[in-house]
Structure formats: structure tokens, C-alpha cells
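Engineer: Contents are CSV, C-alpha atoms; file name final.csv:
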chain,number,residue,atom,x,y,z
A,1,MET,CA,-37.2,28.9,-3.2
A,2,PRO,CA,-34.1,29.4,-1.0
A,3,ALA,CA,-30.7,28.5,-2.4
A,4,THR,CA,-29.4,25.1,-1.4
A,5,HIS,CA,-25.9,25.2,0.2
A,6,VAL,CA,-23.8,22.4,-1.2
A,7,MET,CA,-21.3,20.8,1.2
A,8,LEU,CA,-18.2,20.1,-0.8
A,9,PRO,CA,-15.4,17.9,0.4
A,10,ASP,CA,-12.2,19.6,1.7
A,11,PRO,CA,-10.2,20.2,-1.5
A,12,ALA,CA,-7.0,19.6,0.4
A,13,VAL,CA,-7.9,16.0,1.4
A,14,PRO,CA,-7.5,13.3,-1.3
A,15,PRO,CA,-10.3,10.8,-1.7
A,16,LYS,CA,-9.9,7.3,-0.3
A,17,PRO,CA,-7.6,5.2,-2.4
A,18,LEU,CA,-9.1,2.4,-4.6
A,19,ALA,CA,-7.1,-0.3,-2.8
A,20,GLY,CA,-5.0,-0.8,0.3
A,21,ARG,CA,-1.3,-0.2,-0.1
A,22,ARG,CA,0.9,-3.2,-0.6
A,23,ARG,CA,3.0,-3.8,2.5
A,24,SER,CA,6.7,-3.2,1.8
A,25,ARG,CA,9.8,-2.5,3.8
A,26,GLN,CA,10.9,1.1,3.9
A,27,VAL,CA,14.3,2.5,2.7
A,28,MET,CA,15.5,6.1,3.0
A,29,VAL,CA,16.7,7.8,-0.1
A,30,GLY,CA,18.4,10.8,1.5
A,31,SER,CA,15.6,12.6,3.4
A,32,VAL,CA,12.8,10.9,1.4
A,33,PRO,CA,11.3,7.7,2.8
A,34,VAL,CA,10.3,5.1,0.2
A,35,GLY,CA,8.0,2.2,0.8
A,36,GLY,CA,6.1,1.3,3.9
A,37,ASP,CA,3.4,3.9,4.6
A,38,ALA,CA,5.4,6.7,3.1
A,39,PRO,CA,3.7,8.8,0.3
A,40,ILE,CA,4.4,7.7,-3.2
A,41,SER,CA,7.2,9.9,-4.5
A,42,VAL,CA,7.7,11.4,-8.0
A,43,GLN,CA,11.2,11.1,-9.6
A,44,SER,CA,12.8,12.3,-12.8
A,45,MET,CA,16.2,12.2,-14.4
A,46,THR,CA,18.4,15.1,-15.6
A,47,THR,CA,19.2,15.4,-19.3
A,48,THR,CA,22.3,17.4,-18.9
A,49,LEU,CA,25.9,16.2,-19.0
A,50,THR,CA,26.4,15.4,-15.4
A,51,ALA,CA,30.0,16.6,-15.7
A,52,ASP,CA,28.5,20.1,-16.3
A,53,VAL,CA,27.8,20.7,-12.7
A,54,ASN,CA,26.2,24.1,-13.1
A,55,SER,CA,23.8,23.0,-15.9
A,56,THR,CA,22.9,19.9,-13.9
A,57,LEU,CA,22.2,21.8,-10.7
A,58,GLN,CA,20.1,24.3,-12.7
A,59,GLN,CA,18.0,21.5,-14.1
A,60,ILE,CA,17.7,19.9,-10.7
A,61,ALA,CA,16.5,23.3,-9.3
A,62,GLU,CA,13.8,23.5,-12.1
A,63,LEU,CA,12.7,19.9,-11.3
A,64,THR,CA,12.6,20.7,-7.5
A,65,ALA,CA,10.4,23.8,-8.2
A,66,THR,CA,8.0,21.6,-10.2
A,67,GLY,CA,7.6,19.2,-7.4
A,68,CYS,CA,10.2,16.5,-8.1
A,69,GLN,CA,11.2,14.7,-4.9
A,70,ILE,CA,14.1,12.5,-6.0
A,71,VAL,CA,16.4,13.1,-9.1
A,72,ARG,CA,18.6,10.6,-10.9
A,73,VAL,CA,21.8,11.6,-12.8
A,74,ALA,CA,23.7,9.6,-15.4
A,75,VAL,CA,27.2,8.6,-14.7
A,76,PRO,CA,28.7,7.1,-17.9
A,77,SER,CA,32.2,8.6,-17.5
A,78,GLN,CA,34.9,9.4,-15.0
A,79,ASP,CA,34.2,13.1,-15.5
A,80,ASP,CA,30.6,12.5,-14.5
A,81,ALA,CA,31.7,10.5,-11.5
A,82,ASP,CA,34.0,13.4,-10.5
A,83,ALA,CA,31.1,15.8,-10.6
A,84,LEU,CA,28.9,13.8,-8.2
A,85,ALA,CA,30.2,15.2,-4.9
A,86,ALA,CA,29.4,18.8,-5.9
A,87,ILE,CA,26.0,17.9,-7.2
A,88,ALA,CA,25.0,15.8,-4.3
A,89,LYS,CA,26.1,18.5,-1.8
A,90,LYS,CA,24.2,21.4,-3.5
A,91,SER,CA,21.1,19.6,-4.7
A,92,GLN,CA,17.9,20.4,-2.7
A,93,ILE,CA,16.6,16.9,-3.3
A,94,PRO,CA,18.2,13.5,-3.0
A,95,VAL,CA,20.4,12.5,-5.9
A,96,ILE,CA,20.6,9.0,-7.3
A,97,ALA,CA,23.6,8.0,-9.4
A,98,ASP,CA,22.6,5.9,-12.4
A,99,ILE,CA,25.4,3.4,-13.1
A,100,HIS,CA,25.8,1.3,-16.2
A,101,PHE,CA,28.8,-0.7,-17.5
A,102,GLN,CA,31.4,0.3,-15.0
A,103,PRO,CA,31.2,-1.0,-11.4
A,104,LYS,CA,33.9,1.4,-10.3
A,105,TYR,CA,31.4,4.3,-10.6
A,106,VAL,CA,29.2,2.7,-8.0
A,107,PHE,CA,31.9,3.1,-5.4
A,108,ALA,CA,32.6,6.6,-6.7
A,109,ALA,CA,28.9,7.5,-6.2
A,110,ILE,CA,28.9,6.1,-2.7
A,111,ASP,CA,32.0,8.1,-1.8
A,112,ALA,CA,30.5,11.2,-3.3
A,113,GLY,CA,27.6,11.2,-0.9
A,114,CYS,CA,24.8,10.3,-3.3
A,115,ALA,CA,21.6,9.4,-1.6
A,116,ALA,CA,21.3,6.1,-3.5
A,117,VAL,CA,22.7,4.2,-6.5
A,118,ARG,CA,20.8,2.6,-9.3
A,119,VAL,CA,22.6,-0.3,-11.0
A,120,ASN,CA,21.6,-2.2,-14.1
A,121,PRO,CA,22.9,-5.8,-13.6
A,122,GLY,CA,22.3,-6.7,-17.2
A,123,ASN,CA,24.9,-4.4,-18.6
A,124,ILE,CA,27.6,-4.3,-15.9
A,125,LYS,CA,30.3,-6.8,-16.8
A,126,ALA,CA,30.9,-9.3,-14.0
A,127,PHE,CA,28.5,-7.4,-11.8
A,128,ASP,CA,27.7,-10.5,-9.7
A,129,ASP,CA,31.3,-10.7,-8.7
A,130,LYS,CA,31.2,-7.2,-7.3
A,131,VAL,CA,28.0,-7.5,-5.2
A,132,GLY,CA,29.8,-8.2,-2.0
A,133,GLU,CA,32.0,-5.1,-2.3
A,134,ILE,CA,29.1,-3.0,-3.3
A,135,ALA,CA,26.9,-4.3,-0.4
A,136,LYS,CA,29.7,-3.6,2.1
A,137,ALA,CA,30.3,0.0,0.8
A,138,ALA,CA,26.6,0.8,0.6
A,139,LYS,CA,25.9,-0.5,4.1
A,140,ALA,CA,28.8,1.5,5.6
A,141,ALA,CA,27.4,4.6,3.9
A,142,GLY,CA,23.8,3.9,4.8
A,143,ILE,CA,22.5,4.2,1.3
A,144,PRO,CA,20.1,2.0,-0.6
A,145,ILE,CA,20.6,0.3,-4.0
A,146,ARG,CA,18.0,0.3,-6.7
A,147,ILE,CA,18.2,-2.8,-8.8
A,148,GLY,CA,16.9,-1.6,-12.2
A,149,VAL,CA,16.2,-4.3,-14.7
A,150,ASN,CA,15.3,-3.1,-18.2
A,151,ALA,CA,13.9,-5.1,-21.1
A,152,GLY,CA,16.6,-3.7,-23.4
A,153,SER,CA,19.5,-4.8,-21.3
A,154,LEU,CA,18.4,-8.1,-19.9
A,155,ASP,CA,21.1,-10.7,-19.1
A,156,LYS,CA,21.7,-12.8,-22.2
A,157,ARG,CA,21.2,-16.0,-20.1
A,158,LEU,CA,17.6,-15.0,-19.5
A,159,TYR,CA,17.1,-14.1,-23.1
A,160,GLU,CA,18.2,-17.6,-24.0
A,161,LYS,CA,15.9,-19.1,-21.4
A,162,TYR,CA,12.8,-17.1,-22.2
A,163,GLY,CA,13.4,-16.1,-25.8
A,164,LYS,CA,12.6,-12.5,-25.1
A,165,ALA,CA,12.1,-10.0,-22.2
A,166,THR,CA,9.0,-11.5,-20.7
A,167,ALA,CA,7.6,-10.4,-17.3
A,168,GLU,CA,8.9,-13.7,-15.9
A,169,ALA,CA,12.4,-12.9,-17.2
A,170,LEU,CA,12.4,-9.4,-15.7
A,171,VAL,CA,11.3,-10.7,-12.3
A,172,GLU,CA,13.8,-13.6,-12.3
A,173,SER,CA,16.6,-11.2,-13.0
A,174,ALA,CA,15.6,-8.8,-10.3
A,175,LEU,CA,15.1,-11.4,-7.6
A,176,TRP,CA,18.4,-13.1,-8.5
A,177,GLU,CA,20.3,-10.0,-8.0
A,178,CYS,CA,18.4,-9.3,-4.7
A,179,SER,CA,19.4,-12.8,-3.5
A,180,LEU,CA,23.1,-12.0,-4.1
A,181,PHE,CA,22.8,-8.9,-1.9
A,182,GLU,CA,20.9,-10.8,0.7
A,183,GLU,CA,23.8,-13.2,1.0
A,184,HIS,CA,25.8,-10.3,2.2
A,185,ASP,CA,23.0,-9.3,4.6
A,186,PHE,CA,22.1,-6.2,2.6
A,187,ARG,CA,18.4,-5.5,2.1
A,188,ASP,CA,18.2,-1.7,1.7
A,189,ILE,CA,17.0,-2.4,-1.8
A,190,LYS,CA,14.3,-1.1,-4.1
A,191,ILE,CA,13.5,-2.7,-7.5
A,192,SER,CA,12.3,-1.6,-10.9
A,193,VAL,CA,11.5,-3.9,-13.8
A,194,LYS,CA,10.8,-1.6,-16.8
A,195,HIS,CA,9.5,-2.5,-20.2
A,196,ASN,CA,8.1,-0.4,-23.1
A,197,ASP,CA,5.0,-2.5,-23.2
A,198,PRO,CA,2.6,-1.6,-20.4
A,199,VAL,CA,1.0,-5.0,-20.3
A,200,VAL,CA,4.4,-6.8,-19.8
A,201,MET,CA,5.4,-4.1,-17.3
A,202,ILE,CA,2.1,-4.5,-15.3
A,203,ASN,CA,2.5,-8.3,-15.2
A,204,ALA,CA,6.1,-8.0,-14.0
A,205,TYR,CA,5.3,-5.7,-11.2
A,206,ARG,CA,2.3,-7.8,-10.1
A,207,GLN,CA,4.6,-10.8,-9.9
A,208,LEU,CA,7.2,-8.9,-8.0
A,209,ALA,CA,4.7,-7.6,-5.5
A,210,GLU,CA,3.7,-11.2,-4.7
A,211,ALA,CA,7.3,-12.5,-4.5
A,212,CYS,CA,9.0,-9.9,-2.3
A,213,ASP,CA,8.5,-7.1,0.1
A,214,TYR,CA,11.0,-4.6,-1.4
A,215,PRO,CA,9.7,-1.2,-2.4
A,216,LEU,CA,9.0,-0.9,-6.1
A,217,HIS,CA,9.9,1.9,-8.4
A,218,LEU,CA,7.4,2.1,-11.3
A,219,GLY,CA,8.4,3.0,-14.8
A,220,VAL,CA,7.5,2.3,-18.5
A,221,THR,CA,10.9,2.6,-20.2
A,222,GLU,CA,11.2,4.3,-23.5
A,223,ALA,CA,7.5,5.3,-23.3
A,224,GLY,CA,7.8,7.7,-26.2
A,225,PRO,CA,7.0,11.3,-27.0
A,226,ALA,CA,4.9,13.4,-24.6
A,227,PHE,CA,1.4,12.3,-25.8
A,228,GLN,CA,2.1,8.6,-26.3
A,229,GLY,CA,4.4,8.3,-23.2
A,230,THR,CA,1.8,10.0,-21.0
A,231,ILE,CA,-0.9,7.6,-22.1
A,232,LYS,CA,1.3,4.5,-21.6
A,233,SER,CA,2.5,5.6,-18.3
A,234,ALA,CA,-0.9,6.6,-17.0
A,235,VAL,CA,-2.4,3.3,-18.1
A,236,ALA,CA,0.4,1.2,-16.5
A,237,PHE,CA,0.8,3.3,-13.3
A,238,GLY,CA,-3.0,3.6,-12.9
A,239,ALA,CA,-3.5,-0.2,-13.0
A,240,LEU,CA,-0.8,-0.9,-10.5
A,241,LEU,CA,-1.3,2.1,-8.1
A,242,ALA,CA,-5.0,1.3,-8.0
A,243,GLU,CA,-4.0,-2.1,-6.7
A,244,GLY,CA,-1.7,-0.6,-4.1
A,245,ILE,CA,1.5,-1.5,-6.0
A,246,GLY,CA,4.2,1.1,-6.3
A,247,ASP,CA,6.3,3.3,-4.0
A,248,THR,CA,8.0,5.7,-6.4
A,249,ILE,CA,7.3,6.6,-10.0
A,250,ARG,CA,9.1,8.1,-13.0
A,251,VAL,CA,7.2,9.0,-16.1
A,252,SER,CA,9.8,8.5,-19.0
A,253,LEU,CA,9.0,10.9,-21.8
A,254,SER,CA,10.9,12.2,-24.8
A,255,ALA,CA,10.2,15.7,-23.4
A,256,PRO,CA,11.8,18.0,-20.9
A,257,PRO,CA,12.0,16.3,-17.5
A,258,VAL,CA,9.8,18.9,-15.8
A,259,GLU,CA,7.0,17.5,-18.0
A,260,GLU,CA,7.6,14.1,-16.6
A,261,VAL,CA,7.1,15.4,-13.1
A,262,LYS,CA,3.9,17.2,-14.0
A,263,VAL,CA,2.4,14.1,-15.5
A,264,GLY,CA,3.5,12.0,-12.5
A,265,GLN,CA,2.0,14.3,-10.1
A,266,GLN,CA,-1.3,14.4,-12.0
A,267,ILE,CA,-1.5,10.6,-12.1
A,268,LEU,CA,-1.1,10.5,-8.3
A,269,GLU,CA,-3.7,13.3,-7.8
A,270,SER,CA,-6.1,11.6,-10.2
A,271,LEU,CA,-6.0,8.4,-8.1
A,272,GLY,CA,-6.4,10.2,-4.8
A,273,LEU,CA,-2.8,9.3,-3.8
A,274,ARG,CA,-1.7,12.9,-3.4
A,275,LYS,CA,-3.3,16.1,-2.2
A,276,ARG,CA,-4.6,17.7,-5.3
A,277,GLY,CA,-3.6,21.2,-6.5
A,278,LEU,CA,-5.4,23.3,-9.0
A,279,GLU,CA,-7.6,21.2,-11.3
A,280,ILE,CA,-9.3,22.5,-14.4
A,281,VAL,CA,-12.5,20.7,-15.3
A,282,SER,CA,-13.8,21.6,-18.8
A,283,CYS,CA,-16.3,20.1,-21.2
A,284,PRO,CA,-15.2,18.6,-24.5
A,285,SER,CA,-17.6,20.9,-26.4
A,286,CYS,CA,-20.4,19.8,-28.6
A,287,GLY,CA,-23.1,21.2,-30.9
A,288,ARG,CA,-24.9,22.6,-27.8
A,289,ALA,CA,-21.9,24.9,-26.8
A,290,GLN,CA,-22.6,28.6,-27.1
A,291,VAL,CA,-19.1,29.6,-26.4
A,292,ASP,CA,-15.6,28.6,-27.8
A,293,VAL,CA,-14.9,26.1,-24.9
A,294,TYR,CA,-11.5,25.2,-26.2
A,295,LYS,CA,-10.3,28.8,-26.2
A,296,LEU,CA,-12.0,29.6,-22.9
A,297,ALA,CA,-10.5,26.6,-21.2
A,298,ASP,CA,-7.0,27.4,-22.6
A,299,GLN,CA,-7.4,31.0,-21.4
A,300,VAL,CA,-8.4,30.0,-17.9
A,301,THR,CA,-5.7,27.3,-17.7
A,302,ALA,CA,-3.0,29.8,-18.8
A,303,ALA,CA,-4.3,32.5,-16.4
A,304,LEU,CA,-4.3,30.1,-13.4
A,305,ASP,CA,-1.2,28.2,-14.4
A,306,GLY,CA,1.3,28.0,-11.5
A,307,MET,CA,-1.2,28.8,-8.9
A,308,LYS,CA,-0.7,26.0,-6.5
A,309,VAL,CA,-4.1,26.1,-4.8
A,310,PRO,CA,-6.2,23.1,-4.1
A,311,LEU,CA,-9.2,24.3,-6.1
A,312,ARG,CA,-11.3,22.6,-8.7
A,313,VAL,CA,-12.3,25.1,-11.4
A,314,ALA,CA,-15.0,24.1,-13.9
A,315,VAL,CA,-15.2,25.7,-17.4
A,316,MET,CA,-18.5,24.7,-19.1
A,317,GLY,CA,-19.9,25.7,-22.4
A,318,CYS,CA,-23.7,25.2,-22.3
A,319,VAL,CA,-26.8,25.1,-20.1
A,320,VAL,CA,-27.3,21.3,-20.2
A,321,ASN,CA,-24.5,20.0,-18.0
A,322,GLY,CA,-22.7,23.3,-17.3
A,323,PRO,CA,-24.6,24.5,-14.2
A,324,GLY,CA,-24.5,21.1,-12.6
A,325,GLU,CA,-20.8,20.5,-13.2
A,326,ALA,CA,-20.0,24.1,-12.2
A,327,ARG,CA,-21.8,23.6,-8.9
A,328,GLU,CA,-19.8,20.5,-8.1
A,329,ALA,CA,-16.5,22.5,-8.4
A,330,ASP,CA,-15.1,25.0,-5.9
A,331,LEU,CA,-15.3,27.6,-8.6
A,332,GLY,CA,-16.8,27.5,-12.1
A,333,VAL,CA,-18.4,29.1,-15.0
A,334,ALA,CA,-21.3,28.0,-17.2
A,335,SER,CA,-21.3,30.0,-20.4
A,336,GLY,CA,-23.8,30.8,-23.0
A,337,ASN,CA,-25.3,33.7,-25.1
A,338,GLY,CA,-22.2,35.8,-24.6
A,339,LYS,CA,-22.4,35.6,-20.8
A,340,GLY,CA,-21.0,33.4,-18.0
A,341,GLN,CA,-22.7,32.4,-14.7
A,342,ILE,CA,-20.0,32.3,-12.1
A,343,PHE,CA,-20.4,29.7,-9.4
A,344,VAL,CA,-18.6,29.6,-6.0
A,345,ARG,CA,-19.1,26.6,-3.8
A,346,GLY,CA,-22.3,25.6,-5.5
A,347,GLU,CA,-24.0,29.0,-5.7
A,348,VAL,CA,-24.3,31.5,-8.5
A,349,ILE,CA,-22.7,34.7,-7.3
A,350,LYS,CA,-22.8,36.8,-10.5
A,351,THR,CA,-23.3,36.8,-14.2
A,352,VAL,CA,-20.6,38.5,-16.3
A,353,PRO,CA,-20.0,39.2,-20.0
A,354,GLU,CA,-18.0,36.6,-21.8
A,355,SER,CA,-15.0,39.0,-22.1
A,356,GLN,CA,-14.8,39.2,-18.2
A,357,ILE,CA,-15.0,35.5,-17.4
A,358,VAL,CA,-11.3,34.9,-17.1
A,359,GLU,CA,-10.5,37.9,-14.9
A,360,THR,CA,-13.5,37.1,-12.7
A,361,LEU,CA,-12.4,33.6,-12.2
A,362,ILE,CA,-8.9,34.8,-11.2
A,363,GLU,CA,-10.4,37.2,-8.7
A,364,GLU,CA,-12.7,34.6,-7.2
A,365,ALA,CA,-9.8,32.0,-7.0
A,366,LEU,CA,-7.8,34.5,-4.9
A,367,LYS,CA,-10.8,35.2,-2.7
A,368,LEU,CA,-11.3,31.5,-2.1
A,369,ALA,CA,-7.7,31.0,-1.3
A,370,SER,CA,-7.9,33.8,1.3
A,371,VAL,CA,-11.0,32.3,2.8
A,372,MET,CA,-9.2,29.0,3.2
A,373,GLY,CA,-6.4,30.7,5.1
A,374,LEU,CA,-4.0,30.6,2.2
A,375,GLU,CA,-1.7,33.3,1.1
A,376,ILE,CA,-0.7,33.3,-2.6
A,377,ASP,CA,2.5,34.8,-3.9
A,378,THR,CA,1.2,36.5,-7.0
A,379,ASP,CA,4.6,36.4,-8.7
A,380,THR,CA,5.2,32.6,-8.2
A,381,GLY,CA,1.8,31.2,-7.5
A,382,GLU,CA,3.1,29.5,-4.4
A,383,VAL,CA,0.7,28.9,-1.5
A,384,ARG,CA,1.7,29.7,2.1
A,385,GLY,CA,-0.2,28.7,5.2
A,386,HIS,CA,-1.5,25.4,3.7
A,387,GLU,CA,-0.5,22.1,5.2
When written as C-alpha cells, how does the structure in this file appear?

Structural biologist:
Amino acid sequence: MPATHVMLPDPAVPPKPLAGRRRSRQVMVGSVPVGGDAPISVQSMTTTLTADVNSTLQQIAELTATGCQIVRVAVPSQDDADALAAIAKKSQIPVIADIHFQPKYVFAAIDAGCAAVRVNPGNIKAFDDKVGEIAKAAKAAGIPIRIGVNAGSLDKRLYEKYGKATAEALVESALWECSLFEEHDFRDIKISVKHNDPVVMINAYRQLAEACDYPLHLGVTEAGPAFQGTIKSAVAFGALLAEGIGDTIRVSLSAPPVEEVKVGQQILESLGLRKRGLEIVSCPSCGRAQVDVYKLADQVTAALDGMKVPLRVAVMGCVVNGPGEAREADLGVASGNGKGQIFVRGEVIKTVPESQIVETLIEEALKLASVMGLEIDTDTGEVRGHE
């Protein structure tokens, strides 16, 4: 019986999104468009002392290399404010200044050339009295303002009204501050209403999406350590993004910021909102497995890590689902009895000893990239020639 050629979708093209995108106005954060029909961007925040310019720029460079598109830096002191100009000038991606408590740092960030400013109205004393000046300065500089409302720093008047940081309280706070800027004819605004409870956060963003057309920055604040924070963020972002809500995201983890970017990118790829890169599909193992699937999957992942190629690689451990799953991938292996059947685009091309599976998959990944017209830098894993 002749082999059946399986027509696989173009790995560089994401699947159709689950829902149409919410219509929002667009603002420019430096060179990155946010809102409208612009792609959803991934953000993170530096953990260095902003006043330490070299360390901050080094971390920004690491984030940029990981795929971060916009970075936020904290500005709690005058030394930090003084460092903004050098950081904004040398950063390869737009820099947002994160301002709390002191309105004067907002003006310092604008003067320093930051791409945007994030303000937290709940913990800036007499913030409402400064809105007119801030709006005038931001408009003159052509930069947007993110109004960032957090459950942990909600205005005490709203705490008294609602009893706690409810979704309604977060939304009322954000819309109130927007209205103050609107009085000064300033609408280059994006909004975030973060909460550590994904359910409250989801409800808040749904209400905001109905109430305004400003672009929305999604975040679960204080999400927790890497595992817990990833789960909470994926649940919350997945629910909203699947409904077309959200224009930028930041996964807040108690982990190095590059991990935030990796998780954020994977969430977007999983929802078909970003061109996918390398994806490892592996079975969870079971009593049928005839190979150590955990070890094999880890070895393949480590071997291909950093290879930014839009390929789906399947690592399967038995003859029940293995061949079928491997055929659905661009490249795959179905293992058993000390051997591995290597599949490329749905067809078995060879059977190799278990000890040669990893090196064979690497060889075939490089061949596939070449066939797709891609050139891979073997030192960095970067792909050239792929749009």
C-alpha cells in the first residue's frame, strides 16, 4: 500500500483565533503599536536597581533577546529618575517608567524620553490635582499614560464604598482617572486593573472592555512563584484573550523576568495569537511506555532549546498513540523496544537505536529548517530568512 502524504498546515501561520479581537483605540509605546489591530505584545519588568544603569541595561538586553517587546523599570527614587535618560536612550525596546508615590517622577520620566509612563493613582498623593499638568506634558512629548490600578493600592474611598477590592471597584477607579485625563483632552491611555485572584481580574477586564475603548494591559498581580503564577496567569489571560480582550500582557512571577517573557509568549502561541516557534509535544507516559519518556523529552527539549524554528516535534513513548501523534507533527519519534521510529511530515524515514534518537532529531530539524528556506545560527539558534 503506497504511503499517504499528509498535508500539514504551514507551521509559521497561527491558527484562527477563538474570537474576534475587541475593537480598541491604538496608542504607540515608542515603536510598538498597542491596541487596534496591532499584535498583542509581551512585556516584563526589570528587577535591578534602576539607578544601576549598566545592570538595568544588561537585564533589558536579556529580556530583548528572549522576545520581550516593552520593558518597565521602577522609579522609586531620585537616583532612579536620574538614570532614566541613559536607559531610555540605550535600550533596544521601549522603556516604560513605573511611578508610585511621587508625581514629580512622572515629569522626570517624560523629560528623560521614556516611551510611556505607568501611574498608580491609588498611591500617588494628590494625584488628581496633577492630572492637568501630566496630561499637558505627556501630550507635548507624544507619549501615552498607563493607568495601572492594583487591588493592593486601591483608593481608600473605593475601599470604603465596596468593602474590598472588587472588580467593580477596580473598574470605577480606572474609569474615574481616565475621565480626569479626558477633561484635558488627553486620550493616549491604556489601562490595567490587576488583582491576585484570576476570577476578580477576569471580571474586571470584562467590565472595562464593555465600558471603554482604551487598550488593555493584562496582568495578574502578585501571581506567585513560577508554577503557581504560570497557572494563574494562563487561566486568566486565556479566558480573556480567547474572548478578544487584551492588547498587552505581563506575566508576573516570583522568578527571573526572562521566565515571564517565555510564559507570556507560550500563552499567545497556544491561543494562536502569535506565530509559534519550536513546540515539543510529548506524552505523559503510562504503563504502556517502553522508553523513559520523561528523560527522552527532557533530552530533546534541552538539545533543541533556543532553536527558534517554527516546528512541532513529537516525543512519544509507545505504539498506541505514538505513531499517530508523531505523524501529526512536523518531526517526531515513536519509541519502543529500544528503538525509535523517526517521522518527518507524516512519513517514517528511518528507525534508529534509542541512543541515537536525540541526535537524529537534531539533524532532521536542521534539514527541515533548510527545506523551509531558513538558516539557523548553530551558536544562537536564531533563524534567518523567516518572515

Engineer: What does the distance from CA of Arg157 in chain A to CA of Ser173 in chain A come to in Å, to one decimal?

Structural biologist: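 We find that CA of Arg157 in chain A and CA of Ser173 in chain A lie 9.7 Å from each other.
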
Engineer: Work out how far apart CA of Glu279 in chain A and CA of Pro310 in chain A are and give it in Å to one decimal.

Structural biologist: 7.6 Å

Engineer: Kindly provide the residues of range 28-55 of chain A that approach range 65-73 of chain A to within 7 Å, each paired with its closest atom pair and their distance in Å to one decimal, based on only C-alpha atoms, listed by chain and increasing number, as a tab-separated table.

Structural biologist:
residue	atom	partner	partner_atom	distance
A:Ser41	CA	A:Gln69	CA	6.3
A:Val42	CA	A:Cys68	CA	5.7
A:Gln43	CA	A:Ile70	CA	4.8
A:Ser44	CA	A:Val71	CA	5.2
A:Met45	CA	A:Arg72	CA	4.5
A:Thr46	CA	A:Val73	CA	5.6
A:Thr50	CA	A:Val73	CA	6.5

Engineer: Just checking: using all atoms listed in the file, which residue out of A:Ala302, A:Ala85, A:Arg118, A:Val293 ends up closest to Val315 in chain A?

Structural biologist: A:Val293

Engineer: Show which residues sit within 10 Å of Leu18 in chain A, as a list of chain:residue names. Count only C-alpha atoms, and ignore same-chain residues fewer than 2 positions away.

Structural biologist: A:Pro15, A:Lys16, A:Gly20, A:Arg21, A:Leu241, A:Ala242, A:Glu243, A:Gly244, A:Leu271, A:Gly272, A:Leu273

Engineer: How many Å lie between CA of Gly264 in chain A and CA of Glu62 in chain A, rounded to one decimal?

Structural biologist: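 Distance reported for this atom pair: 15.4 Å.
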
Engineer: Which polymer residues have any atom within 10 Å of an atom of Asp79 in chain A, counting all atoms listed in the file, with same-chain residues fewer than 4 positions away left out, as JSON, numbers by chain?

Structural biologist: {"A": [49, 50, 51, 52, 75, 83, 84]}

Engineer: Please write the residues from the selection above to a file, keeping C-alpha atoms, as a PDB file, in the frame of the given file.

Structural biologist:
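Result written to result_18.pdb:
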ATOM      1  CA  LEU A  49      25.900  16.200 -19.000  1.00  0.00           C
ATOM      2  CA  THR A  50      26.400  15.400 -15.400  1.00  0.00           C
ATOM      3  CA  ALA A  51      30.000  16.600 -15.700  1.00  0.00           C
ATOM      4  CA  ASP A  52      28.500  20.100 -16.300  1.00  0.00           C
ATOM      5  CA  VAL A  75      27.200   8.600 -14.700  1.00  0.00           C
ATOM      6  CA  ALA A  83      31.100  15.800 -10.600  1.00  0.00           C
ATOM      7  CA  LEU A  84      28.900  13.800  -8.200  1.00  0.00           C
TER       8      LEU A  84
END
